[in-house]
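J.: Below is my_file-v3.csv; it holds CSV, C-alpha atoms.
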```csv
chain,number,residue,atom,x,y,z
A,1,ASP,CA,3.2,7.5,16.1
A,2,GLY,CA,4.5,8.5,12.7
A,3,GLY,CA,3.5,6.3,9.8
A,4,ILE,CA,1.5,5.7,6.7
A,5,THR,CA,-2.1,4.6,7.0
A,6,GLN,CA,-4.2,2.9,4.3
A,7,SER,CA,-8.0,2.4,4.6
A,8,PRO,CA,-10.0,0.4,4.4
A,9,LYS,CA,-8.1,-2.9,4.9
A,10,TYR,CA,-10.7,-4.8,2.8
A,11,LEU,CA,-12.9,-3.3,0.1
A,12,PHE,CA,-15.6,-4.9,-2.1
A,13,ARG,CA,-16.7,-3.3,-5.3
A,14,LYS,CA,-19.5,-4.2,-7.6
A,15,GLU,CA,-18.7,-4.1,-11.3
A,16,GLY,CA,-19.2,-0.7,-12.8
A,17,GLN,CA,-18.6,1.1,-9.5
A,18,ASN,CA,-15.8,3.6,-8.7
A,19,VAL,CA,-14.1,3.2,-5.4
A,20,THR,CA,-11.6,5.3,-3.6
A,21,LEU,CA,-8.7,4.0,-1.5
A,22,SER,CA,-7.3,6.2,1.2
A,23,CYS,CA,-3.6,6.8,2.0
A,24,GLU,CA,-2.5,9.2,4.7
A,25,GLN,CA,1.0,9.9,6.0
A,26,ASN,CA,2.2,12.0,8.9
A,27,LEU,CA,5.9,11.6,8.1
A,28,ASN,CA,6.1,14.9,6.3
A,29,HIS,CA,7.3,13.1,3.2
A,30,ASP,CA,7.2,14.8,-0.1
A,31,ALA,CA,6.8,11.8,-2.4
A,32,MET,CA,4.0,9.3,-2.4
A,33,TYR,CA,3.3,6.2,-4.5
A,34,TRP,CA,0.6,3.7,-5.4
A,35,TYR,CA,1.4,0.1,-6.3
A,36,ARG,CA,-0.7,-2.8,-7.3
A,37,GLN,CA,0.3,-6.4,-6.3
A,38,ASP,CA,-1.4,-9.5,-7.8
A,39,PRO,CA,-1.1,-12.9,-6.1
A,40,GLY,CA,2.5,-14.2,-6.2
A,41,GLN,CA,3.6,-11.2,-8.2
A,42,GLY,CA,5.8,-8.1,-7.7
A,43,LEU,CA,4.6,-4.5,-7.3
A,44,ARG,CA,3.6,-2.5,-10.3
A,45,LEU,CA,3.6,1.3,-10.2
A,46,ILE,CA,0.2,2.9,-10.8
A,47,TYR,CA,0.8,6.6,-10.0
A,48,TYR,CA,3.4,8.6,-8.1
A,49,SER,CA,3.7,12.2,-6.8
A,50,GLN,CA,6.8,14.0,-5.9
A,51,ILE,CA,5.1,17.2,-4.7
A,52,VAL,CA,1.7,18.6,-3.8
A,53,ASN,CA,-0.6,19.3,-6.8
A,54,ASP,CA,1.6,17.2,-9.1
A,55,PHE,CA,1.6,13.5,-10.0
A,56,GLN,CA,2.8,11.3,-12.8
A,57,LYS,CA,1.5,8.1,-14.4
A,58,GLY,CA,3.3,4.9,-13.6
A,59,ASP,CA,3.4,1.7,-15.7
A,60,ILE,CA,-0.3,0.7,-15.3
A,61,ALA,CA,-2.2,4.0,-14.8
A,62,GLU,CA,-5.1,3.1,-17.1
A,63,GLY,CA,-8.4,2.8,-15.2
A,64,TYR,CA,-7.0,4.7,-12.1
A,65,SER,CA,-7.0,8.3,-11.0
A,66,VAL,CA,-5.3,10.1,-8.1
A,67,SER,CA,-5.1,13.6,-6.5
A,68,ARG,CA,-2.6,15.2,-4.3
A,69,GLU,CA,-4.2,18.3,-2.8
A,70,LYS,CA,-2.5,17.9,0.5
A,71,LYS,CA,1.0,16.7,1.4
A,72,GLU,CA,-0.4,14.1,3.8
A,73,SER,CA,-2.9,12.5,1.5
A,74,PHE,CA,-2.8,10.7,-1.8
A,75,PRO,CA,-6.1,8.9,-2.5
A,76,LEU,CA,-6.5,6.4,-5.4
A,77,THR,CA,-9.7,6.0,-7.3
A,78,VAL,CA,-10.3,2.7,-9.1
A,79,THR,CA,-12.7,3.6,-11.9
A,80,SER,CA,-15.1,1.4,-13.8
A,81,ALA,CA,-12.7,1.6,-16.7
A,82,GLN,CA,-10.3,-0.7,-14.8
A,83,LYS,CA,-11.3,-4.1,-16.1
A,84,ASN,CA,-9.5,-6.3,-13.6
A,85,PRO,CA,-9.3,-4.4,-10.3
A,86,THR,CA,-9.1,-7.3,-7.9
A,87,ALA,CA,-5.7,-7.0,-6.3
A,88,PHE,CA,-3.7,-5.9,-3.2
A,89,TYR,CA,-3.0,-2.1,-3.3
A,90,LEU,CA,0.0,-0.6,-1.5
A,91,CYS,CA,0.7,3.0,-0.8
A,92,ALA,CA,4.2,4.2,0.0
A,93,SER,CA,5.9,7.5,0.8
A,94,THR,CA,9.5,8.7,0.8
A,95,PRO,CA,11.1,11.9,2.1
A,96,GLY,CA,12.6,12.5,-1.4
A,97,VAL,CA,13.7,11.0,-4.6
A,98,GLY,CA,15.7,7.8,-4.2
A,99,ALA,CA,15.1,7.5,-0.4
A,100,GLU,CA,13.9,4.6,1.6
A,101,ALA,CA,10.2,4.0,1.1
A,102,PHE,CA,7.7,3.5,4.0
A,103,PHE,CA,4.7,1.4,3.2
A,104,GLY,CA,1.1,1.2,4.5
A,105,GLN,CA,-0.4,-2.2,5.3
A,106,GLY,CA,-2.3,-2.4,2.1
A,107,THR,CA,-6.0,-2.5,0.9
A,108,ARG,CA,-7.3,-5.7,-0.6
A,109,LEU,CA,-9.9,-4.9,-3.2
A,110,THR,CA,-12.3,-7.5,-4.5
A,111,VAL,CA,-14.8,-7.2,-7.3
A,112,VAL,CA,-18.1,-9.0,-6.5
B,1,SER,CA,7.9,-2.2,-17.3
B,2,GLN,CA,9.5,-4.2,-14.5
B,3,GLN,CA,13.0,-2.8,-13.9
B,4,GLY,CA,14.1,-5.6,-11.5
B,5,GLU,CA,14.0,-9.3,-12.1
B,6,GLU,CA,14.7,-11.6,-9.2
B,7,ASP,CA,16.1,-15.1,-9.1
B,8,PRO,CA,15.2,-17.6,-7.9
B,9,GLN,CA,11.4,-17.0,-7.7
B,10,ALA,CA,11.2,-19.4,-4.7
B,11,LEU,CA,13.8,-20.7,-2.2
B,12,SER,CA,13.4,-23.2,0.6
B,13,ILE,CA,16.2,-23.8,3.1
B,14,GLN,CA,16.8,-25.1,6.6
B,15,GLU,CA,17.3,-22.9,9.6
B,16,GLY,CA,20.9,-22.0,10.0
B,17,GLU,CA,21.7,-22.1,6.3
B,18,ASN,CA,22.5,-19.0,4.2
B,19,ALA,CA,20.0,-17.7,1.6
B,20,THR,CA,21.1,-15.8,-1.5
B,21,MET,CA,18.8,-13.9,-3.8
B,22,ASN,CA,19.7,-12.1,-7.0
B,23,CYS,CA,18.3,-9.1,-8.8
B,24,SER,CA,18.9,-7.9,-12.3
B,25,TYR,CA,17.8,-4.6,-13.7
B,26,LYS,CA,17.9,-2.9,-17.1
B,27,THR,CA,18.7,0.8,-16.8
B,28,SER,CA,21.3,2.9,-15.0
B,29,ILE,CA,20.4,3.6,-11.4
B,30,ASN,CA,21.0,6.0,-8.5
B,31,ASN,CA,20.6,3.3,-5.9
B,32,LEU,CA,19.1,-0.2,-5.4
B,33,GLN,CA,17.0,-1.1,-2.3
B,34,TRP,CA,15.9,-4.4,-0.8
B,35,TYR,CA,12.6,-4.9,0.9
B,36,ARG,CA,10.9,-7.7,2.8
B,37,GLN,CA,7.2,-8.5,2.8
B,38,ASN,CA,5.4,-10.8,5.2
B,39,SER,CA,2.4,-12.5,3.7
B,40,GLY,CA,-0.5,-10.0,3.2
B,41,ARG,CA,1.4,-7.1,4.7
B,42,GLY,CA,3.2,-4.0,3.6
B,43,LEU,CA,6.8,-3.9,2.6
B,44,VAL,CA,9.6,-3.1,5.1
B,45,HIS,CA,12.9,-1.5,3.9
B,46,LEU,CA,16.0,-3.6,4.6
B,47,ILE,CA,19.0,-1.9,3.0
B,48,LEU,CA,19.9,0.7,0.4
B,49,ILE,CA,23.1,0.5,-1.7
B,50,ARG,CA,24.2,3.4,-3.9
B,51,SER,CA,25.5,3.1,-7.4
B,52,ASN,CA,29.0,4.0,-6.3
B,53,GLU,CA,29.0,1.3,-3.6
B,54,ARG,CA,29.9,-2.4,-4.2
B,55,GLU,CA,29.0,-4.0,-0.9
B,56,LYS,CA,27.0,-3.2,2.2
B,57,HIS,CA,26.2,-5.0,5.4
B,58,SER,CA,23.4,-4.7,8.0
B,59,GLY,CA,23.4,-7.3,10.7
B,60,ARG,CA,22.9,-10.7,9.0
B,61,LEU,CA,22.3,-9.1,5.6
B,62,ARG,CA,25.0,-8.6,3.0
B,63,VAL,CA,24.2,-6.8,-0.3
B,64,THR,CA,26.4,-6.5,-3.3
B,65,LEU,CA,26.0,-4.4,-6.4
B,66,ASP,CA,27.7,-4.9,-9.8
B,67,THR,CA,26.7,-1.9,-12.0
B,68,SER,CA,28.6,-3.3,-14.9
B,69,LYS,CA,26.4,-6.4,-14.9
B,70,LYS,CA,23.4,-4.5,-13.7
B,71,SER,CA,22.8,-7.0,-10.9
B,72,SER,CA,22.6,-7.2,-7.1
B,73,SER,CA,22.5,-10.0,-4.6
B,74,LEU,CA,21.1,-10.2,-1.1
B,75,LEU,CA,22.7,-12.7,1.3
B,76,ILE,CA,21.0,-13.6,4.6
B,77,THR,CA,23.4,-15.5,6.8
B,78,ALA,CA,22.4,-18.0,9.5
B,79,SER,CA,18.7,-17.9,8.5
B,80,ARG,CA,15.9,-18.2,11.0
B,81,ALA,CA,12.3,-19.4,10.6
B,82,ALA,CA,11.3,-15.7,11.2
B,83,ASP,CA,13.1,-14.8,7.9
B,84,THR,CA,10.4,-16.6,6.0
B,85,ALA,CA,8.9,-13.9,3.7
B,86,SER,CA,9.1,-12.4,0.2
B,87,TYR,CA,12.1,-10.3,-0.7
B,88,PHE,CA,12.0,-7.6,-3.4
B,89,CYS,CA,14.6,-5.4,-5.0
B,90,ALA,CA,13.7,-1.9,-6.1
B,91,THR,CA,15.6,0.5,-8.3
B,92,ASP,CA,15.7,4.2,-8.3
B,93,ALA,CA,16.4,5.0,-11.9
B,94,TRP,CA,19.2,7.4,-12.9
B,95,GLY,CA,18.0,11.0,-13.1
B,96,ASN,CA,15.4,12.8,-11.1
B,97,THR,CA,12.5,10.6,-12.3
B,98,GLY,CA,11.1,9.9,-8.8
B,99,LYS,CA,10.1,6.4,-9.9
B,100,LEU,CA,10.8,3.5,-7.6
B,101,ILE,CA,10.4,0.2,-9.5
B,102,PHE,CA,10.1,-3.2,-7.9
B,103,GLY,CA,11.0,-6.6,-9.1
B,104,GLN,CA,8.9,-9.8,-9.0
B,105,GLY,CA,10.4,-10.9,-5.7
B,106,THR,CA,11.8,-14.1,-4.2
B,107,THR,CA,9.7,-16.1,-1.8
B,108,LEU,CA,11.9,-17.5,1.0
B,109,GLN,CA,10.9,-20.4,3.2
B,110,VAL,CA,13.1,-21.2,6.2
B,111,LYS,CA,12.2,-24.5,7.7
B,112,PRO,CA,12.8,-24.9,11.5
```
Could you express the structure from this file as structure tokens?
T.:
Amino acid sequence: DGGITQSPKYLFRKEGQNVTLSCEQNLNHDAMYWYRQDPGQGLRLIYYSQIVNDFQKGDIAEGYSVSREKKESFPLTVTSAQKNPTAFYLCASTPGVGAEAFFGQGTRLTVV
Amino acid sequence: SQQGEEDPQALSIQEGENATMNCSYKTSINNLQWYRQNSGRGLVHLILIRSNEREKHSGRLRVTLDTSKKSSSLLITASRAADTASYFCATDAWGNTGKLIFGQGTTLQVKP
């Protein structure tokens, strides 16, 4: 089945730790995105990538890092510099600019 | 920055009634998209309307776009309890930016 897979579904992080959220797609899509969603809020863009080995900061990139070494994969690292990382993280992909986005099921990150 | 702002933030109606949600945005766009999110899940694409289109239909969904007012509306006719979800608009800004920016969303509750 084609789709976009995020793992893990739930993640707990101790303060001061870096954690990496996985996002894999087998849709052969060029563009991939990371969004953060806080309770009752909309989606805020963290990072996006239109092509392998290239990515751009979104509106709230501070405290996060990404890589795009393969077309299928766009992992997000939440670093210790992110002061309030508890949130629901959503990964998406599109076949190109302006096209319909396909979303993963999300990772819920909690700082303990 | 949030490109799309939705109104109302929350809407509660009875089954069979129509539901209308509005989205305003700030900059010129290539297209505007509407998505649905069930609680705690990823988003699902509903409909895309291009900047040169004024109205689009898909089943019980009707979307309008007024680029002069920088606004869009989503109408769900003959609502069902299964339509209960959050609805988001997303804009693909003019130019090849690759950014897909979401609004705050409208939470719709359809009572059986």
J.: Could you produce a table of the residues of chain B lying within 8 Å of chain A, with the nearest pair of atoms per residue and their separation in Å rounded to one decimal, using all atoms listed in the file, ordered by chain and increasing residue number, as JSON lines?
T.:
```
{"residue": "B:Ser1", "atom": "CA", "partner": "A:Asp59", "partner_atom": "CA", "distance": 6.2}
{"residue": "B:Gln2", "atom": "CA", "partner": "A:Arg44", "partner_atom": "CA", "distance": 7.4}
{"residue": "B:Asn30", "atom": "CA", "partner": "A:Gly98", "partner_atom": "CA", "distance": 7.1}
{"residue": "B:Asn31", "atom": "CA", "partner": "A:Gly98", "partner_atom": "CA", "distance": 6.9}
{"residue": "B:Gln33", "atom": "CA", "partner": "A:Glu100", "partner_atom": "CA", "distance": 7.6}
{"residue": "B:Gly40", "atom": "CA", "partner": "A:Gly106", "partner_atom": "CA", "distance": 7.9}
{"residue": "B:Arg41", "atom": "CA", "partner": "A:Gln105", "partner_atom": "CA", "distance": 5.3}
{"residue": "B:Gly42", "atom": "CA", "partner": "A:Gln105", "partner_atom": "CA", "distance": 4.4}
{"residue": "B:Leu43", "atom": "CA", "partner": "A:Phe103", "partner_atom": "CA", "distance": 5.7}
{"residue": "B:Val44", "atom": "CA", "partner": "A:Phe103", "partner_atom": "CA", "distance": 6.9}
{"residue": "B:His45", "atom": "CA", "partner": "A:Glu100", "partner_atom": "CA", "distance": 6.6}
{"residue": "B:Leu48", "atom": "CA", "partner": "A:Glu100", "partner_atom": "CA", "distance": 7.3}
{"residue": "B:Phe88", "atom": "CA", "partner": "A:Gly42", "partner_atom": "CA", "distance": 7.6}
{"residue": "B:Asp92", "atom": "CA", "partner": "A:Gly98", "partner_atom": "CA", "distance": 5.5}
{"residue": "B:Asn96", "atom": "CA", "partner": "A:Val97", "partner_atom": "CA", "distance": 7.0}
{"residue": "B:Thr97", "atom": "CA", "partner": "A:Val97", "partner_atom": "CA", "distance": 7.8}
{"residue": "B:Gly98", "atom": "CA", "partner": "A:Val97", "partner_atom": "CA", "distance": 5.1}
{"residue": "B:Lys99", "atom": "CA", "partner": "A:Tyr48", "partner_atom": "CA", "distance": 7.3}
{"residue": "B:Leu100", "atom": "CA", "partner": "A:Gly98", "partner_atom": "CA", "distance": 7.4}
{"residue": "B:Ile101", "atom": "CA", "partner": "A:Leu45", "partner_atom": "CA", "distance": 6.9}
{"residue": "B:Phe102", "atom": "CA", "partner": "A:Leu43", "partner_atom": "CA", "distance": 5.7}
{"residue": "B:Gly103", "atom": "CA", "partner": "A:Gly42", "partner_atom": "CA", "distance": 5.6}
{"residue": "B:Gln104", "atom": "CA", "partner": "A:Gly42", "partner_atom": "CA", "distance": 3.8}
{"residue": "B:Gly105", "atom": "CA", "partner": "A:Gly42", "partner_atom": "CA", "distance": 5.7}
```
J.: Identify, on the basis of all atoms listed in the file, every residue whose closest approach to Ser80 (chain A) does not exceed 6 Å; exclude the query and any residue fewer than 5 positions from it along the same chain; express the result as a list of chain:residue names.
T.: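 Close residues of Ser80 (chain A): A:Gly16, A:Gln17, A:Asn18.
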J.: Hey, can you spit out that residue selection with C-alpha atoms as a PDB file, in the coordinates of the input?
T.:
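Result file follows (part_4.pdb):
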```pdb
ATOM      1  CA  GLY A  16     -19.200  -0.700 -12.800  1.00  0.00           C
ATOM      2  CA  GLN A  17     -18.600   1.100  -9.500  1.00  0.00           C
ATOM      3  CA  ASN A  18     -15.800   3.600  -8.700  1.00  0.00           C
TER       4      ASN A  18
END
```
J.: What does the distance between CA of Asp30 (chain A) and CA of Pro75 (chain A) come to in Å, to one decimal place?
T.: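 Result for CA of Asp30 (chain A) versus CA of Pro75 (chain A): 14.7 Å, one decimal.
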J.: Go ahead and compute the interatomic distance for CA of Lys70 (chain A) and CA of Phe12 (chain A), in Å to one decimal.
T.: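 Those two atoms sit 26.4 Å apart.
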J.: I'd like the neighbourhood of region 62-68 of chain B as a list in words, where a residue qualifies if any of its atoms comes within 8 Å (using all atoms listed in the file), though same-chain residues fewer than 5 positions away should be ignored.
T.: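 Contacts, with the query itself left out: Ser28, Ile47, Ile49, Ser51, Glu53, Arg54, Glu55, Lys56, His57, Ser73, Leu74, Leu75 and Ile76 of chain B.
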J.: Put those residues in a file: C-alpha atoms, as a tab-separated table (two decimals), keeping the file's coordinate frame.
T.:
```
chain	number	residue	atom	x	y	z
B	28	SER	CA	21.30	2.90	-15.00
B	47	ILE	CA	19.00	-1.90	3.00
B	49	ILE	CA	23.10	0.50	-1.70
B	51	SER	CA	25.50	3.10	-7.40
B	53	GLU	CA	29.00	1.30	-3.60
B	54	ARG	CA	29.90	-2.40	-4.20
B	55	GLU	CA	29.00	-4.00	-0.90
B	56	LYS	CA	27.00	-3.20	2.20
B	57	HIS	CA	26.20	-5.00	5.40
B	73	SER	CA	22.50	-10.00	-4.60
B	74	LEU	CA	21.10	-10.20	-1.10
B	75	LEU	CA	22.70	-12.70	1.30
B	76	ILE	CA	21.00	-13.60	4.60
```
J.: Between CA of Cys23 (chain B) and CA of Arg50 (chain B), what is the distance, to one decimal in Å?
T.: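 Straight-line distance from CA of Cys23 (chain B) to CA of Arg50 (chain B) works out to 14.7 Å.
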J.: Do a neighbour search on Val19 (chain A) at 10 Å with all atoms listed in the file, toss out local chain neighbours closer than 2 positions, and write the hits as a list in words.
T.: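 That gives Leu11, Phe12, Arg13, Lys14, Gly16, Gln17, Leu21, Ser22, Tyr64, Leu76, Thr77, Val78, Thr79, Ser80 and Leu109 of chain A.
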J.: Mind checking which residues fall within 6 Å of Ser86 (chain B), counting all atoms listed in the file, ignoring those fewer than 5 positions away in the same chain, and posting them as a VMD selection string?
T.: chain B and resid 36 to 37 106 to 108
J.: Mind dumping the selected residues with C-alpha atoms as a PDB file, in the coordinates of the input?
T.:
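Writing the result to result-v8.pdb gives the following:
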```
ATOM      1  CA  ARG B  36      10.900  -7.700   2.800  1.00  0.00           C
ATOM      2  CA  GLN B  37       7.200  -8.500   2.800  1.00  0.00           C
ATOM      3  CA  THR B 106      11.800 -14.100  -4.200  1.00  0.00           C
ATOM      4  CA  THR B 107       9.700 -16.100  -1.800  1.00  0.00           C
ATOM      5  CA  LEU B 108      11.900 -17.500   1.000  1.00  0.00           C
TER       6      LEU B 108
END
```
J.: Point out the residue among A:Ala81, A:Glu15, A:Pro8, A:Asp54 with the least atom-to-atom distance to Arg68 (chain A), counting all atoms listed in the file.
T.: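 Using all atoms listed in the file, the shortest distance to Arg68 (chain A) belongs to A:Asp54.
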J.: How would region 19-45 of chain B look with N, CA, C and O atoms restored, written as a compact mmCIF listing (two decimals), in the frame of the given file?
T.:
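Result file rebuild15.txt:
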```txt
# COMPACT_ATOMS: atom_id res chain seq x y z
N ALA B 19 20.94 -17.86 2.73
CA ALA B 19 20.00 -17.70 1.60
C ALA B 19 20.56 -16.57 0.70
O ALA B 19 20.89 -15.49 1.20
N THR B 20 20.64 -16.85 -0.59
CA THR B 20 21.10 -15.80 -1.50
C THR B 20 20.04 -15.59 -2.60
O THR B 20 19.52 -16.54 -3.20
N MET B 21 19.73 -14.32 -2.79
CA MET B 21 18.80 -13.90 -3.80
C MET B 21 19.43 -12.92 -4.74
O MET B 21 20.22 -12.10 -4.28
N ASN B 22 19.08 -13.00 -6.00
CA ASN B 22 19.70 -12.10 -7.00
C ASN B 22 18.67 -11.25 -7.67
O ASN B 22 17.49 -11.62 -7.80
N CYS B 23 19.12 -10.09 -8.11
CA CYS B 23 18.30 -9.10 -8.80
C CYS B 23 18.99 -8.55 -9.97
O CYS B 23 20.16 -8.14 -9.84
N SER B 24 18.34 -8.54 -11.12
CA SER B 24 18.90 -7.90 -12.30
C SER B 24 18.01 -6.76 -12.71
O SER B 24 16.79 -6.82 -12.52
N TYR B 25 18.62 -5.73 -13.29
CA TYR B 25 17.80 -4.60 -13.70
C TYR B 25 18.34 -4.10 -15.07
O TYR B 25 19.36 -4.57 -15.58
N LYS B 26 17.60 -3.15 -15.65
CA LYS B 26 17.90 -2.90 -17.10
C LYS B 26 18.54 -1.52 -17.31
O LYS B 26 19.33 -1.39 -18.24
N THR B 27 18.22 -0.50 -16.51
CA THR B 27 18.70 0.80 -16.80
C THR B 27 19.70 1.30 -15.73
O THR B 27 19.79 0.70 -14.66
N SER B 28 20.38 2.37 -15.98
CA SER B 28 21.30 2.90 -15.00
C SER B 28 20.47 3.41 -13.75
O SER B 28 19.33 3.84 -13.89
N ILE B 29 21.09 3.30 -12.59
CA ILE B 29 20.40 3.60 -11.40
C ILE B 29 21.14 4.56 -10.46
O ILE B 29 22.36 4.69 -10.56
N ASN B 30 20.38 5.24 -9.59
CA ASN B 30 21.00 6.00 -8.50
C ASN B 30 21.31 5.08 -7.33
O ASN B 30 22.36 5.19 -6.71
N ASN B 31 20.34 4.22 -7.02
CA ASN B 31 20.60 3.30 -5.90
C ASN B 31 19.65 2.06 -6.13
O ASN B 31 18.75 2.07 -6.99
N LEU B 32 19.91 1.03 -5.35
CA LEU B 32 19.10 -0.20 -5.40
C LEU B 32 18.75 -0.49 -3.92
O LEU B 32 19.60 -0.35 -3.02
N GLN B 33 17.51 -0.87 -3.71
CA GLN B 33 17.00 -1.10 -2.30
C GLN B 33 16.46 -2.54 -2.27
O GLN B 33 15.94 -3.07 -3.25
N TRP B 34 16.54 -3.11 -1.09
CA TRP B 34 15.90 -4.40 -0.80
C TRP B 34 14.85 -4.24 0.25
O TRP B 34 15.06 -3.52 1.23
N TYR B 35 13.73 -4.92 0.02
CA TYR B 35 12.60 -4.90 0.90
C TYR B 35 12.15 -6.29 1.27
O TYR B 35 12.37 -7.23 0.50
N ARG B 36 11.46 -6.39 2.38
CA ARG B 36 10.90 -7.70 2.80
C ARG B 36 9.38 -7.47 2.98
O ARG B 36 8.92 -6.42 3.42
N GLN B 37 8.61 -8.54 2.63
CA GLN B 37 7.20 -8.50 2.80
C GLN B 37 6.70 -9.79 3.42
O GLN B 37 6.89 -10.87 2.85
N ASN B 38 6.11 -9.69 4.58
CA ASN B 38 5.40 -10.80 5.20
C ASN B 38 4.07 -10.96 4.49
O ASN B 38 3.49 -9.97 4.02
N SER B 39 3.55 -12.16 4.46
CA SER B 39 2.40 -12.50 3.70
C SER B 39 1.20 -11.52 4.04
O SER B 39 0.83 -11.36 5.20
N GLY B 40 0.66 -10.85 3.00
CA GLY B 40 -0.50 -10.00 3.20
C GLY B 40 -0.25 -8.69 3.88
O GLY B 40 -1.18 -8.01 4.30
N ARG B 41 1.03 -8.32 4.00
CA ARG B 41 1.40 -7.10 4.70
C ARG B 41 2.08 -6.10 3.78
O ARG B 41 2.36 -6.39 2.62
N GLY B 42 2.38 -4.92 4.33
CA GLY B 42 3.20 -4.00 3.60
C GLY B 42 4.63 -4.35 3.54
O GLY B 42 5.04 -5.30 4.19
N LEU B 43 5.41 -3.62 2.75
CA LEU B 43 6.80 -3.90 2.60
C LEU B 43 7.62 -3.13 3.70
O LEU B 43 7.25 -2.02 4.08
N VAL B 44 8.73 -3.74 4.09
CA VAL B 44 9.60 -3.10 5.10
C VAL B 44 10.99 -2.97 4.43
O VAL B 44 11.53 -3.93 3.88
N HIS B 45 11.55 -1.78 4.52
CA HIS B 45 12.90 -1.50 3.90
C HIS B 45 13.95 -2.25 4.73
O HIS B 45 13.96 -2.24 5.96
```
